[in-house]
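The structure under discussion appears below in the form of structure tokens.
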Amino acid sequence: MYRTRYKTAILTEMFGISPIASINYEIAPLRYQRNFFTSRVGVGYIPGSKNPPKGIPSDYGFSFPVGITYNYLVNNLKKGIKKRVMNKCKTKPPKVDFEWFLETGAGCSFAFYQKSSPRQYYYGIIGLRQQMVIDIPPKPKVIYLRVTINPQYFNHKVRIITPLSNGGYAFSGGVSLGFSL
């Protein structure tokens, strides 16, 4: 297990695999120097709409997103380690470091509406994650920002951009902000 990878985190997500907004608990069971795996579960809110797109319920509800992702480090970790270790004792090593990860995975959101029948939405997850590692003994703290594209599988179709009944389009993507526990 690699020490700068968090074990558990809380994250808030706007859009993404939860249709509108959610709060999630994330765990990283496998952590290595250049990559790690995460799984998460959360609860979200789905507001109602007066004129929803065809096939979408008009009443409000709650969603329960679950997902699993693989994160691969894309910036040069060796350069960062050398910079922290090889400072010739002139200054203290930096307390803050940034890491960039490419993230891929899959997720499902179970949606329960007030009046309509429950639904399941399936998503792919492709994203970029930036982690700010704050080296505070005894264990580092991590704050991260994640931007994703989430291809949705619904009604036997995979879509990134969904046409709406009012003539507009909805992009399937999201933004998350999280911090380690």
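Labeling convention for the structure tokens: chains A, B, ... as they appear, residues from 1 per chain, ligands from 1 in order of appearance.
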
Exercise: Gly173 in chain A partners within 12 Å, only C-alpha atoms, chain neighbours under 2 positions left out, as an mmCIF file with N, CA and C atoms, in the first residue's frame:
data_model
loop_
_atom_site.group_PDB
_atom_site.id
_atom_site.type_symbol
_atom_site.label_atom_id
_atom_site.label_comp_id
_atom_site.auth_asym_id
_atom_site.auth_seq_id
_atom_site.Cartn_x
_atom_site.Cartn_y
_atom_site.Cartn_z
ATOM 1 N N GLU A 13 -20.702 15.352 -5.523
ATOM 2 C CA GLU A 13 -20.681 15.274 -6.987
ATOM 3 C C GLU A 13 -21.865 16.025 -7.556
ATOM 4 N N MET A 14 -21.597 16.819 -8.549
ATOM 5 C CA MET A 14 -22.653 17.503 -9.302
ATOM 6 C C MET A 14 -22.741 16.818 -10.659
ATOM 7 N N PHE A 15 -23.933 16.379 -10.998
ATOM 8 C CA PHE A 15 -24.202 15.637 -12.222
ATOM 9 C C PHE A 15 -23.442 14.314 -12.130
ATOM 10 N N GLY A 16 -22.567 13.948 -13.041
ATOM 11 C CA GLY A 16 -21.861 12.667 -12.922
ATOM 12 C C GLY A 16 -22.818 11.494 -12.986
ATOM 13 N N ILE A 17 -22.566 10.457 -12.179
ATOM 14 C CA ILE A 17 -23.422 9.271 -12.238
ATOM 15 C C ILE A 17 -24.684 9.419 -11.391
ATOM 16 N N SER A 18 -24.705 10.384 -10.487
ATOM 17 C CA SER A 18 -25.951 10.728 -9.818
ATOM 18 C C SER A 18 -26.592 11.799 -10.683
ATOM 19 N N PRO A 19 -27.836 11.632 -11.107
ATOM 20 C CA PRO A 19 -28.374 12.547 -12.116
ATOM 21 C C PRO A 19 -28.190 14.043 -11.822
ATOM 22 N N ILE A 20 -28.285 14.483 -10.577
ATOM 23 C CA ILE A 20 -28.132 15.911 -10.299
ATOM 24 C C ILE A 20 -27.020 16.156 -9.289
ATOM 25 N N ALA A 21 -27.213 15.772 -8.046
ATOM 26 C CA ALA A 21 -26.215 16.022 -7.002
ATOM 27 C C ALA A 21 -26.219 14.875 -6.005
ATOM 28 N N TYR A 123 -23.681 3.935 -16.234
ATOM 29 C CA TYR A 123 -22.747 4.924 -16.752
ATOM 30 C C TYR A 123 -21.353 4.348 -16.893
ATOM 31 N N GLY A 124 -20.628 4.858 -17.868
ATOM 32 C CA GLY A 124 -19.188 4.692 -17.927
ATOM 33 C C GLY A 124 -18.576 5.916 -17.253
ATOM 34 N N ILE A 125 -17.364 5.790 -16.779
ATOM 35 C CA ILE A 125 -16.689 6.917 -16.134
ATOM 36 C C ILE A 125 -15.324 7.090 -16.785
ATOM 37 N N ILE A 126 -15.102 8.265 -17.380
ATOM 38 C CA ILE A 126 -13.815 8.624 -17.963
ATOM 39 C C ILE A 126 -13.505 10.013 -17.435
ATOM 40 N N GLY A 127 -12.395 10.152 -16.728
ATOM 41 C CA GLY A 127 -12.163 11.456 -16.123
ATOM 42 C C GLY A 127 -10.714 11.763 -15.832
ATOM 43 N N LEU A 128 -10.529 12.967 -15.326
ATOM 44 C CA LEU A 128 -9.227 13.460 -14.903
ATOM 45 C C LEU A 128 -9.375 13.913 -13.456
ATOM 46 N N ARG A 146 -12.288 16.321 -9.400
ATOM 47 C CA ARG A 146 -12.412 15.361 -10.493
ATOM 48 C C ARG A 146 -13.412 15.884 -11.514
ATOM 49 N N VAL A 147 -13.054 15.800 -12.782
ATOM 50 C CA VAL A 147 -13.942 16.163 -13.885
ATOM 51 C C VAL A 147 -14.116 14.907 -14.729
ATOM 52 N N THR A 148 -15.379 14.547 -15.021
ATOM 53 C CA THR A 148 -15.632 13.295 -15.741
ATOM 54 C C THR A 148 -16.565 13.485 -16.933
ATOM 55 N N ILE A 149 -16.440 12.580 -17.870
ATOM 56 C CA ILE A 149 -17.409 12.376 -18.942
ATOM 57 C C ILE A 149 -18.054 11.034 -18.620
ATOM 58 N N ASN A 150 -19.378 10.987 -18.643
ATOM 59 C CA ASN A 150 -20.094 9.783 -18.230
ATOM 60 C C ASN A 150 -21.041 9.306 -19.324
ATOM 61 N N PRO A 151 -20.562 8.475 -20.268
ATOM 62 C CA PRO A 151 -21.478 7.918 -21.264
ATOM 63 C C PRO A 151 -22.577 7.116 -20.559
ATOM 64 N N GLN A 152 -23.819 7.426 -20.889
ATOM 65 C CA GLN A 152 -24.963 6.783 -20.232
ATOM 66 C C GLN A 152 -25.537 5.697 -21.130
ATOM 67 N N ARG A 159 -25.098 7.109 -24.807
ATOM 68 C CA ARG A 159 -25.096 8.515 -25.204
ATOM 69 C C ARG A 159 -24.215 9.340 -24.273
ATOM 70 N N ILE A 160 -23.527 10.311 -24.860
ATOM 71 C CA ILE A 160 -22.811 11.319 -24.087
ATOM 72 C C ILE A 160 -23.613 12.617 -24.118
ATOM 73 N N ILE A 161 -24.257 12.892 -25.268
ATOM 74 C CA ILE A 161 -25.117 14.057 -25.420
ATOM 75 C C ILE A 161 -26.522 13.559 -25.710
ATOM 76 N N THR A 162 -27.475 13.974 -24.880
ATOM 77 C CA THR A 162 -28.853 13.519 -24.997
ATOM 78 C C THR A 162 -29.736 14.668 -25.472
ATOM 79 N N ALA A 170 -28.469 17.751 -23.411
ATOM 80 C CA ALA A 170 -27.882 17.546 -22.085
ATOM 81 C C ALA A 170 -26.590 16.763 -22.243
ATOM 82 N N PHE A 171 -25.503 17.307 -21.686
ATOM 83 C CA PHE A 171 -24.202 16.649 -21.733
ATOM 84 C C PHE A 171 -24.072 15.754 -20.511
ATOM 85 N N VAL A 175 -18.693 16.903 -12.103
ATOM 86 C CA VAL A 175 -17.588 17.470 -11.348
ATOM 87 C C VAL A 175 -17.720 17.003 -9.898
ATOM 88 N N SER A 176 -16.608 16.589 -9.295
ATOM 89 C CA SER A 176 -16.617 16.138 -7.910
ATOM 90 C C SER A 176 -15.519 16.841 -7.124
#

*Might you pull out every residue within 8 Å of Asp135 in chain A, with only C-alpha atoms counted and same-chain residues fewer than 3 positions away left off, and present them as a PyMOL selection string?*
chain A and resi 95-96+139-141

Can those selected residues be exported to a file as a PDB file, in the first residue's frame so that it contains C-alpha atoms?
ATOM      1  CA  LYS A  95       4.303  19.973   2.546  1.00  0.00           C
ATOM      2  CA  VAL A  96       1.963  20.092  -0.459  1.00  0.00           C
ATOM      3  CA  LYS A 139      -0.794  10.459   7.674  1.00  0.00           C
ATOM      4  CA  PRO A 140      -1.168  12.756   4.658  1.00  0.00           C
ATOM      5  CA  LYS A 141      -4.489  14.441   3.889  1.00  0.00           C
TER       6      LYS A 141
END

*Between A:Cys108, A:Ile46, A:His156, A:Trp100, which has the minimum distance to Tyr144 in chain A (counting only C-alpha atoms)?*
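With only C-alpha atoms as the atom set, the closest residue is A:Trp100.
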
_With distances taken over only C-alpha atoms, which residue among A:Thr69, A:Ser22, A:Thr12, A:Ser63 lies nearest Phe37 in chain A?_
A:Thr69

*Which is closer to Leu11 in chain A than all the others in A:Asn155, A:Ser172, A:Ser180, A:Thr38, using only C-alpha atoms?*
A:Ser180

*Quick one: everything within 9 Å of Tyr113 in chain A, counting only C-alpha atoms, minus sequence neighbours fewer than 5 positions away in the same chain. Send it as a ChimeraX atom specification.*
/A:46,57-63,118-119

*Would you please work out which residue, of A:Gly167, A:Phe101, A:Val142, A:Ser117, is nearest to Tyr6 in chain A when using only C-alpha atoms?*
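That would be A:Val142, the residue with the smallest distance to Tyr6 in chain A.
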
*asked:* Going by DSSP on the backbone, which residues of range 7-155 of chain A come out as strand (DSSP E or B)? List them as number ranges by chain.
replied: A: 8-15, 21-31, 35-46, 61-73, 96-113, 119-134, 141-149, 152-154

*asked:* What's the separation between CA of Gln114 in chain A and CA of Phe64 in chain A, in Å to one decimal place?
replied: 14.5 Å

_Calculated over only C-alpha atoms, which of the candidates A:Pro138, A:Gly67, A:Gly105, A:Pro47 has the smallest distance to Asn24 in chain A?_
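Smallest distance to Asn24 in chain A is found for A:Gly67.
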
*In Å to one decimal, how far is CA of Arg34 in chain A from CA of Glu99 in chain A?*
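Rounded to one decimal, the two atoms are 10.1 Å apart.
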